[in-house]
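> Before we start, here is the structure in question, set down as structure tokens.
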2 protein chains.
Amino acid sequence: MLSDVMEDYLKAIYQLQARTGPPVSTSAIADTVGKTPATVTSMLETLEERGLVAREKYKGAELTAEGETVALEVLRHHRLLECYLAEHLDYAWSEVHEEADALEHHISEEFERRVAAALDDPVVDPHGDPIPSADLSPLDEDDATPLTAHDVGSRVVVSRVSDRDREELEYLADAGVTPGTVLEIVDIAPFGMVTVRTEDEAEQSLPESVADAISVRPAAEAGAAAGPGEVTDA
Amino acid sequence: MLSDVMEDYLKAIYQLQARTGPPVSTSAIADTVGKTPATVTSMLETLEERGLVAREKYKGAELTAEGETVALEVLRHHRLLECYLAEHLDYAWSEVHEEADALEHHISEEFERRVAAALDDPVVDPHGDPIPSADLSPLDEDDATPLTAHDVGSRVVVSRVSDRDREELEYLADAGVTPGTVLEIVDIAPFGMVTVRTEDEAEQSLPESVADAISVRPAAEAGAAAGPGEVTDA
DNA sequence: TAATATTTTTAGAGTGGTCTAAACCATCTA
DNA sequence: TAGATGGTTTAGACCACTCTAAAAATATTA
């Protein structure tokens with residue numbers, strides 16, 4: 001049996017790996033899970049013994065196939081819970097993350113099935129993140145890029161908004177920036193301050209840290225309204 | 001912060017206390033939480049240091065007011081979850097207990113509020129057990145008595161069915177014995193085997209262990225159909 | 001009431017997860 | 001290429017929770 005602590009480490013490694021590719025550094029994991037690097041090193045040893053992680057000393061760690069499956073399961077739980085809370089318990093988009101974090105390790109397979117059924121097997125959560133399928137097959141690559149990587153004048157549609165920070169999320173919810181929103185980049189000022197125009201012509205200036213939480217893809221010419229990962233081409 | 005392990009001990013003590021009154025023996029707690037008596041002794045020490053339990057060596061333990069409040073909170077979570085699972089996620093009456101046990105320690109105050117609201121602030125769970133109110137004021141005494149304490153020929157209505165054992169629960173659900181069911185005791189055989197007649201004239205023979213899980217109160221003469229704890233008198 | 005049986009506690013050890021401080025390795029820069 | 005710097009691991013300790021085995025207290029019964 002895997003402890004919820006271990007599940008948290010695996011989830012963290014998965015997400016870091018998804019952003020920057022393997023291997024992931026000890027200190028990056030430490031930051032993500034909120035532990036000291038020394039603690040992470042010792043946990044990586046036990047994860048390695050259990051065959052969930054492969055690692056090379058002083059270099060970094062990487063999930064094994066088995067470790068990835070566990071991470072996907074946790075992620076599926078997390079994102080289904082986020083959906084459920086938003087849809088059926090009236091949570092705001094920006095509130096679901098913490099609750100899902102607490103619950104994700106403690107739901108049964110049965111609960112997972114019933115929640116998925118109640119939601120009609122959703123494929124993305126309220127932040128735009130993809131939900132792993134019930135068979136836990138690997139998620140495919142993400143074609144979205146950080147908002148900050150785009151140029152002034154480009155029109156983009158929001159794919160995902162990172163659920164890492166609660167305040168950022170509320171800020172963006174207020175600003176009307178949610179997955180699916182079309183944005184035009186109006187200005188990029190020093191220190192990364194980004195100004196965008198939303199669909200209703202309102203302009204928002206976002207500090208770099210916040211802008212970085214937004215992943216986008218180019219807006220299709222003829223307003224294609226497909227969900228993330230399902231762009232209608234042809 | 002209280003660990004979920006501690007919460008389990010407090011819940012166990014509360015429930016034992018409710019059945020037999022304080023003080024509660026070390027071994028009774030050990031049986032309930034599934035640990036050795038030695039382990040319970042040491043946990044009782046730490047619970048005492050934290051002011052949640054009062055105890056006298058070799059005699060037994062008792063919850064303090066603060067300990068009782070914690071237990072009531074856990075119980076409220078548990079029973080609200082049972083209701084929610086049955087009502088909104090289509091769980092069978094006999095399935096909700098284990099899932100609620102896993103989740104009860106991990107839901108936020110916010111979640112508790114929203115679930116209670118979605119259910120319209122229920123006062124009993126699917127097993128007929130009372131749900132502590134949001135202010136966690138003590139539950140009042142329970143006037144129900146074990147089915148096995150009644151005589152042949154008496155007509156009784158089921159108040160509660162203990163949720164301790166999954167198999168018993170399924171057995172009873174099949175037999176149509178749920179809170180609110182009116183039963184007539186047809187026979188009590190050796191070894192405590194009890195035969196009852198349900199409303200639809202079907203007869204069921206229940207082994208003592210199962211019959212013991214059923215709490216009842218006398219059936220009112222003129223078929224009063226009030227919920228448990230709310231008998232309409234006058 | 002004395003011997004016996006049962007329950008409870010103590011003693012001591014082990015596991016999992018965490019920390020700090022110190023040693024270690026790798027990489028960057030002069 | 002030799003330090004200096006910064007991330008990583010080791011060493012050692014600690015806390016929470018658990019166990020088994022043995023000692024102590026209480027309850028039962030002759």
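Residue numbering restarts at 1 in every chain; chains get A, B, ... in the order shown in the structure tokens, and ligands count up from 1 in that same order.
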Would you mind listing, as a list of chain:residue names, all residues of chain A that have at least one atom within 8 Å of chain C, where only C-alpha atoms (C1' of nucleotides) are what counts?
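That gives A:Thr36, A:Thr39, A:Tyr58 for chain A.
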> Produce a table with one row for each residue of chain D that has an atom at most 12 Å from any atom of chain B, each row naming the nearest atom pair and its distance in Å at one decimal; use only C-alpha atoms (C1' of nucleotides); arrange rows by chain and rising residue number; format as JSON lines.

```
{"residue": "D:DA16", "atom": "C1'", "partner": "B:Ser3", "partner_atom": "CA", "distance": 9.6}
{"residue": "D:DC17", "atom": "C1'", "partner": "B:Thr39", "partner_atom": "CA", "distance": 8.2}
{"residue": "D:DT18", "atom": "C1'", "partner": "B:Thr39", "partner_atom": "CA", "distance": 6.6}
{"residue": "D:DC19", "atom": "C1'", "partner": "B:Thr39", "partner_atom": "CA", "distance": 7.8}
{"residue": "D:DT20", "atom": "C1'", "partner": "B:Ala38", "partner_atom": "CA", "distance": 9.6}
{"residue": "D:DA21", "atom": "C1'", "partner": "B:Ala38", "partner_atom": "CA", "distance": 11.1}
{"residue": "D:DA24", "atom": "C1'", "partner": "B:Tyr58", "partner_atom": "CA", "distance": 10.1}
{"residue": "D:DA25", "atom": "C1'", "partner": "B:Tyr58", "partner_atom": "CA", "distance": 7.1}
{"residue": "D:DT26", "atom": "C1'", "partner": "B:Tyr58", "partner_atom": "CA", "distance": 7.6}
{"residue": "D:DA27", "atom": "C1'", "partner": "B:Tyr58", "partner_atom": "CA", "distance": 11.5}
```
> Export, as a short mmCIF file (atom, residue, chain, number, x, y, z; two decimals), in the first residue's frame, the selected residues with N, CA, C and O atoms (P, O5', C5', C4', C3', O3' and C1' of nucleotides).

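Generated output (again-v6.cif):
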```
data_model
loop_
_atom_site.label_atom_id
_atom_site.label_comp_id
_atom_site.auth_asym_id
_atom_site.auth_seq_id
_atom_site.Cartn_x
_atom_site.Cartn_y
_atom_site.Cartn_z
P DA D 16 4.98 13.90 18.53
"O5'" DA D 16 4.20 12.84 17.65
"C5'" DA D 16 3.95 13.11 16.28
"C4'" DA D 16 3.43 11.85 15.65
"C3'" DA D 16 2.42 11.10 16.50
"O3'" DA D 16 1.36 10.69 15.64
"C1'" DA D 16 4.21 9.66 15.97
P DC D 17 -0.01 10.12 16.26
"O5'" DC D 17 0.18 8.55 16.12
"C5'" DC D 17 0.33 7.99 14.81
"C4'" DC D 17 0.88 6.58 14.93
"C3'" DC D 17 0.08 5.66 15.87
"O3'" DC D 17 -0.61 4.74 15.06
"C1'" DC D 17 2.45 5.32 15.96
P DT D 18 -1.68 3.72 15.59
"O5'" DT D 18 -0.85 2.39 15.85
"C5'" DT D 18 -0.32 1.68 14.74
"C4'" DT D 18 0.81 0.78 15.16
"C3'" DT D 18 0.50 -0.24 16.23
"O3'" DT D 18 -0.16 -1.34 15.70
"C1'" DT D 18 2.74 0.61 16.37
P DC D 19 -0.72 -2.50 16.62
"O5'" DC D 19 0.56 -3.40 16.97
"C5'" DC D 19 1.33 -3.96 15.91
"C4'" DC D 19 2.61 -4.56 16.44
"C3'" DC D 19 2.38 -5.55 17.57
"O3'" DC D 19 2.47 -6.87 17.08
"C1'" DC D 19 4.12 -3.99 18.14
P DT D 20 2.02 -8.08 18.03
"O5'" DT D 20 3.33 -8.46 18.87
"C5'" DT D 20 4.58 -8.69 18.25
"C4'" DT D 20 5.62 -9.00 19.32
"C3'" DT D 20 5.20 -10.06 20.32
"O3'" DT D 20 6.35 -10.84 20.66
"C1'" DT D 20 5.63 -8.05 21.48
P DA D 21 6.20 -12.22 21.47
"O5'" DA D 21 6.87 -11.85 22.87
"C5'" DA D 21 7.98 -10.95 22.89
"C4'" DA D 21 8.35 -10.66 24.33
"C3'" DA D 21 7.91 -11.71 25.35
"O3'" DA D 21 8.88 -11.72 26.39
"C1'" DA D 21 6.88 -9.67 25.88
P DA D 24 6.75 -5.74 38.63
"O5'" DA D 24 5.26 -5.14 38.60
"C5'" DA D 24 5.02 -3.92 37.92
"C4'" DA D 24 3.53 -3.70 37.89
"C3'" DA D 24 2.86 -3.88 39.25
"O3'" DA D 24 2.18 -2.67 39.53
"C1'" DA D 24 1.69 -5.08 37.57
P DA D 25 1.45 -2.46 40.97
"O5'" DA D 25 -0.07 -2.65 40.57
"C5'" DA D 25 -0.63 -1.79 39.59
"C4'" DA D 25 -1.98 -2.32 39.20
"C3'" DA D 25 -2.95 -2.50 40.38
"O3'" DA D 25 -4.04 -1.65 40.12
"C1'" DA D 25 -2.94 -4.41 38.94
P DT D 26 -5.31 -1.59 41.14
"O5'" DT D 26 -6.36 -2.63 40.53
"C5'" DT D 26 -6.76 -2.48 39.18
"C4'" DT D 26 -7.61 -3.66 38.79
"C3'" DT D 26 -8.78 -3.94 39.72
"O3'" DT D 26 -9.93 -3.96 38.91
"C1'" DT D 26 -7.61 -5.93 39.24
P DA D 27 -11.39 -4.12 39.51
"O5'" DA D 27 -11.78 -5.62 39.14
"C5'" DA D 27 -11.66 -6.05 37.79
"C4'" DA D 27 -11.98 -7.52 37.70
"C3'" DA D 27 -13.20 -7.96 38.50
"O3'" DA D 27 -13.95 -8.78 37.63
"C1'" DA D 27 -11.31 -9.25 39.14
#
```
> For chain B, which of A:Pro122, A:Ala102, A:Ala117, A:Met193 is the closest residue, counting only C-alpha atoms?
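Closest to chain B of all the choices is A:Ala102.
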> Interatomic distance between atom CA of Tyr9 of chain A and atom CA of Glu98 of chain B?
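About the pair atom CA of Tyr9 of chain A and atom CA of Glu98 of chain B: they are 26.2 Å apart.
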> Which of segment 8-206 of chain A end up as alpha helix (DSSP H) when DSSP is run on this backbone - answer as an MDAnalysis selection string?
chainID A and resid 8:20 26:33 37:49 65:88 96:103 109:118 166:175
> Extract, using only C-alpha atoms (C1' of nucleotides), all DNA, RNA and protein residues at most 10 Å from segment 173-176 of chain B, discarding same-chain residues fewer than 5 positions from it, and format them as a list in words.
Ala92, Trp93, Ser94, Val161, Glu167, Glu168, Thr181, Thr198, Glu199, Asp200, Ala202, Glu203, Gln204, Ser205 and Leu206 of chain B
> Let's have the selection written as a JSON list (two decimals), in the first residue's frame, with N, CA, C and O atoms.

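What landed in out-v9.json:
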```json
[["chain", "number", "residue", "atom", "x", "y", "z"],
["B", 92, "ALA", "N", -25.74, 2.12, -2.45],
["B", 92, "ALA", "CA", -26.70, 1.37, -1.66],
["B", 92, "ALA", "C", -26.44, 1.67, -0.20],
["B", 92, "ALA", "O", -25.32, 1.97, 0.21],
["B", 93, "TRP", "N", -27.50, 1.60, 0.55],
["B", 93, "TRP", "CA", -27.50, 1.80, 1.97],
["B", 93, "TRP", "C", -26.36, 1.05, 2.66],
["B", 93, "TRP", "O", -25.69, 1.56, 3.57],
["B", 94, "SER", "N", -26.10, -0.15, 2.21],
["B", 94, "SER", "CA", -25.11, -1.00, 2.88],
["B", 94, "SER", "C", -23.68, -0.71, 2.45],
["B", 94, "SER", "O", -22.73, -1.27, 2.98],
["B", 161, "VAL", "N", -30.03, 0.74, 12.38],
["B", 161, "VAL", "CA", -29.37, -0.52, 12.10],
["B", 161, "VAL", "C", -27.88, -0.24, 12.14],
["B", 161, "VAL", "O", -27.38, 0.59, 11.38],
["B", 167, "GLU", "N", -21.61, -7.17, 5.81],
["B", 167, "GLU", "CA", -22.42, -8.33, 5.43],
["B", 167, "GLU", "C", -23.79, -8.33, 6.09],
["B", 167, "GLU", "O", -24.80, -8.58, 5.45],
["B", 168, "GLU", "N", -23.79, -8.05, 7.38],
["B", 168, "GLU", "CA", -25.05, -7.94, 8.10],
["B", 168, "GLU", "C", -25.98, -6.95, 7.40],
["B", 168, "GLU", "O", -27.16, -7.19, 7.22],
["B", 181, "THR", "N", -39.00, 0.50, 9.22],
["B", 181, "THR", "CA", -39.75, -0.73, 9.00],
["B", 181, "THR", "C", -40.47, -1.16, 10.29],
["B", 181, "THR", "O", -39.89, -1.08, 11.37],
["B", 198, "THR", "N", -42.23, -8.96, 8.63],
["B", 198, "THR", "CA", -42.18, -7.58, 8.13],
["B", 198, "THR", "C", -43.57, -7.17, 7.66],
["B", 198, "THR", "O", -44.50, -7.98, 7.62],
["B", 199, "GLU", "N", -43.69, -5.89, 7.27],
["B", 199, "GLU", "CA", -44.99, -5.34, 6.91],
["B", 199, "GLU", "C", -45.71, -6.16, 5.82],
["B", 199, "GLU", "O", -46.92, -6.29, 5.82],
["B", 200, "ASP", "N", -44.93, -6.68, 4.88],
["B", 200, "ASP", "CA", -45.54, -7.40, 3.77],
["B", 200, "ASP", "C", -45.76, -8.88, 4.09],
["B", 200, "ASP", "O", -45.82, -9.71, 3.20],
["B", 202, "ALA", "N", -43.88, -11.13, 5.10],
["B", 202, "ALA", "CA", -42.76, -12.06, 4.97],
["B", 202, "ALA", "C", -42.12, -12.31, 6.32],
["B", 202, "ALA", "O", -42.08, -11.42, 7.17],
["B", 203, "GLU", "N", -41.67, -13.55, 6.54],
["B", 203, "GLU", "CA", -40.99, -13.85, 7.80],
["B", 203, "GLU", "C", -39.50, -14.05, 7.57],
["B", 203, "GLU", "O", -39.08, -14.63, 6.58],
["B", 204, "GLN", "N", -38.71, -13.52, 8.50],
["B", 204, "GLN", "CA", -37.25, -13.60, 8.41],
["B", 204, "GLN", "C", -36.70, -14.14, 9.70],
["B", 204, "GLN", "O", -37.10, -13.69, 10.77],
["B", 205, "SER", "N", -35.79, -15.09, 9.62],
["B", 205, "SER", "CA", -35.11, -15.56, 10.82],
["B", 205, "SER", "C", -33.71, -14.96, 10.87],
["B", 205, "SER", "O", -32.93, -15.10, 9.92],
["B", 206, "LEU", "N", -33.42, -14.29, 11.96],
["B", 206, "LEU", "CA", -32.15, -13.58, 12.06],
["B", 206, "LEU", "C", -31.28, -14.18, 13.15],
["B", 206, "LEU", "O", -31.72, -14.31, 14.29]]
```
> Please indicate the distance in Å from atom CA of Gly21 of chain A to atom CA of Phe191 of chain A, rounded to one decimal place.
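Value for the atom CA of Gly21 of chain A-atom CA of Phe191 of chain A distance: 26.5 Å.
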> Please determine, counting only C-alpha atoms, which residue among B:Asp143, B:Glu73, B:Glu109, B:Glu7 has the shortest atom-to-atom distance to chain A.
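For chain A, the nearest of the given residues is B:Glu109.
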> Counting only C-alpha atoms, which residues in chain A sit no more than 8 Å from chain B? For each one, give the nearest pair of atoms and the distance in Å, sorted by chain then residue number, as a Markdown table.

```
| residue | atom | partner | partner_atom | distance |
| --- | --- | --- | --- | --- |
| A:Leu89 | CA | B:Arg114 | CA | 6.3 |
| A:Asp90 | CA | B:Arg114 | CA | 7.9 |
| A:Glu99 | CA | B:Ser108 | CA | 7.0 |
| A:Ala102 | CA | B:His106 | CA | 5.9 |
| A:Leu103 | CA | B:His106 | CA | 6.1 |
| A:His106 | CA | B:Ala102 | CA | 5.9 |
| A:Ile107 | CA | B:Leu103 | CA | 7.1 |
| A:Ser108 | CA | B:Glu99 | CA | 7.0 |
| A:Phe111 | CA | B:Glu99 | CA | 7.9 |
| A:Arg114 | CA | B:Leu89 | CA | 6.3 |
| A:Val115 | CA | B:Leu89 | CA | 7.3 |
| A:Ala118 | CA | B:Leu89 | CA | 7.4 |
```
> How far is it from atom CA of Tyr171 of chain B to atom CA of Ala220 of chain B, in Å with one decimal?
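Taking atom CA of Tyr171 of chain B as the start and atom CA of Ala220 of chain B as the end point, the length is 26.3 Å.
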> Enumerate the residues of segment 10-227 of chain A with a DSSP assignment of strand (DSSP E), computed from the backbone, and present them as a PyMOL selection string.
chain A and resi 53-56+60-63+145-146+155-161+182-188+194-197+203-206+214-218
> Quick one: residues within 12 Å of Glu68 of chain A, only C-alpha atoms (C1' of nucleotides), excluding same-chain residues fewer than 5 positions away - as a PyMOL selection string?
chain A and resi 7+9-15+17-18+51-54+62-63+73-76+132+136-139
> Residues as selected, N, CA and C atoms, written as a short mmCIF file (atom, residue, chain, number, x, y, z; two decimals), in the first residue's frame, can you do that?

```cif
data_model
loop_
_atom_site.label_atom_id
_atom_site.label_comp_id
_atom_site.auth_asym_id
_atom_site.auth_seq_id
_atom_site.Cartn_x
_atom_site.Cartn_y
_atom_site.Cartn_z
N GLU A 7 2.21 9.29 -2.70
CA GLU A 7 1.40 9.71 -3.85
C GLU A 7 1.66 11.18 -4.19
N TYR A 9 4.46 12.84 -3.69
CA TYR A 9 5.75 12.93 -4.36
C TYR A 9 5.62 12.52 -5.83
N LEU A 10 4.92 11.43 -6.07
CA LEU A 10 4.80 10.95 -7.45
C LEU A 10 4.05 11.95 -8.32
N LYS A 11 3.02 12.52 -7.76
CA LYS A 11 2.26 13.53 -8.49
C LYS A 11 3.16 14.73 -8.82
N ALA A 12 3.93 15.15 -7.84
CA ALA A 12 4.83 16.29 -8.04
C ALA A 12 5.83 15.99 -9.14
N ILE A 13 6.44 14.81 -9.08
CA ILE A 13 7.43 14.46 -10.10
C ILE A 13 6.78 14.42 -11.48
N TYR A 14 5.58 13.85 -11.54
CA TYR A 14 4.88 13.80 -12.82
C TYR A 14 4.70 15.19 -13.40
N GLN A 15 4.24 16.10 -12.58
CA GLN A 15 3.93 17.44 -13.09
C GLN A 15 5.18 18.21 -13.48
N GLN A 17 7.95 16.80 -14.48
CA GLN A 17 8.38 16.12 -15.69
C GLN A 17 7.61 16.63 -16.90
N ALA A 18 6.31 16.87 -16.70
CA ALA A 18 5.47 17.33 -17.81
C ALA A 18 5.89 18.72 -18.29
N GLY A 51 10.36 0.60 -7.04
CA GLY A 51 10.23 0.52 -8.48
C GLY A 51 9.35 1.59 -9.10
N LEU A 52 9.15 2.69 -8.36
CA LEU A 52 8.26 3.73 -8.87
C LEU A 52 9.04 4.87 -9.52
N VAL A 53 10.32 4.93 -9.22
CA VAL A 53 11.15 6.02 -9.68
C VAL A 53 12.51 5.45 -10.10
N ALA A 54 13.08 6.01 -11.15
CA ALA A 54 14.46 5.68 -11.51
C ALA A 54 15.29 6.92 -11.24
N GLU A 62 13.23 10.30 -12.23
CA GLU A 62 12.28 10.13 -13.34
C GLU A 62 11.32 9.03 -12.94
N LEU A 63 10.07 9.15 -13.32
CA LEU A 63 9.10 8.11 -12.98
C LEU A 63 9.32 6.87 -13.84
N GLU A 73 -3.27 8.09 -11.76
CA GLU A 73 -4.44 7.76 -10.95
C GLU A 73 -4.77 8.90 -9.97
N VAL A 74 -3.74 9.38 -9.31
CA VAL A 74 -3.94 10.48 -8.37
C VAL A 74 -4.47 11.71 -9.10
N LEU A 75 -3.87 11.98 -10.24
CA LEU A 75 -4.27 13.13 -11.03
C LEU A 75 -5.72 12.99 -11.51
N ARG A 76 -6.08 11.79 -11.89
CA ARG A 76 -7.47 11.54 -12.30
C ARG A 76 -8.41 11.82 -11.14
N PRO A 132 -6.87 12.22 -16.87
CA PRO A 132 -6.46 10.90 -17.35
C PRO A 132 -7.67 9.98 -17.47
N LEU A 136 -5.91 4.81 -17.33
CA LEU A 136 -4.65 5.45 -16.96
C LEU A 136 -3.58 5.40 -18.05
N SER A 137 -4.02 5.40 -19.28
CA SER A 137 -3.03 5.48 -20.35
C SER A 137 -2.43 6.89 -20.37
N PRO A 138 -1.16 6.98 -20.77
CA PRO A 138 -0.45 8.27 -20.72
C PRO A 138 -1.21 9.37 -21.43
N LEU A 139 -1.14 10.56 -20.89
CA LEU A 139 -1.75 11.73 -21.54
C LEU A 139 -0.88 12.14 -22.70
#
```
> Near Asp151 of chain A, within 9 Å and counting only C-alpha atoms (C1' of nucleotides), which residues show up once chain neighbours fewer than 4 positions away are dropped, as a list in words?
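Near neighbours after the sequence-gap exclusion: Leu147, Ile185, Val186, Asp187 and Ile188 of chain A.
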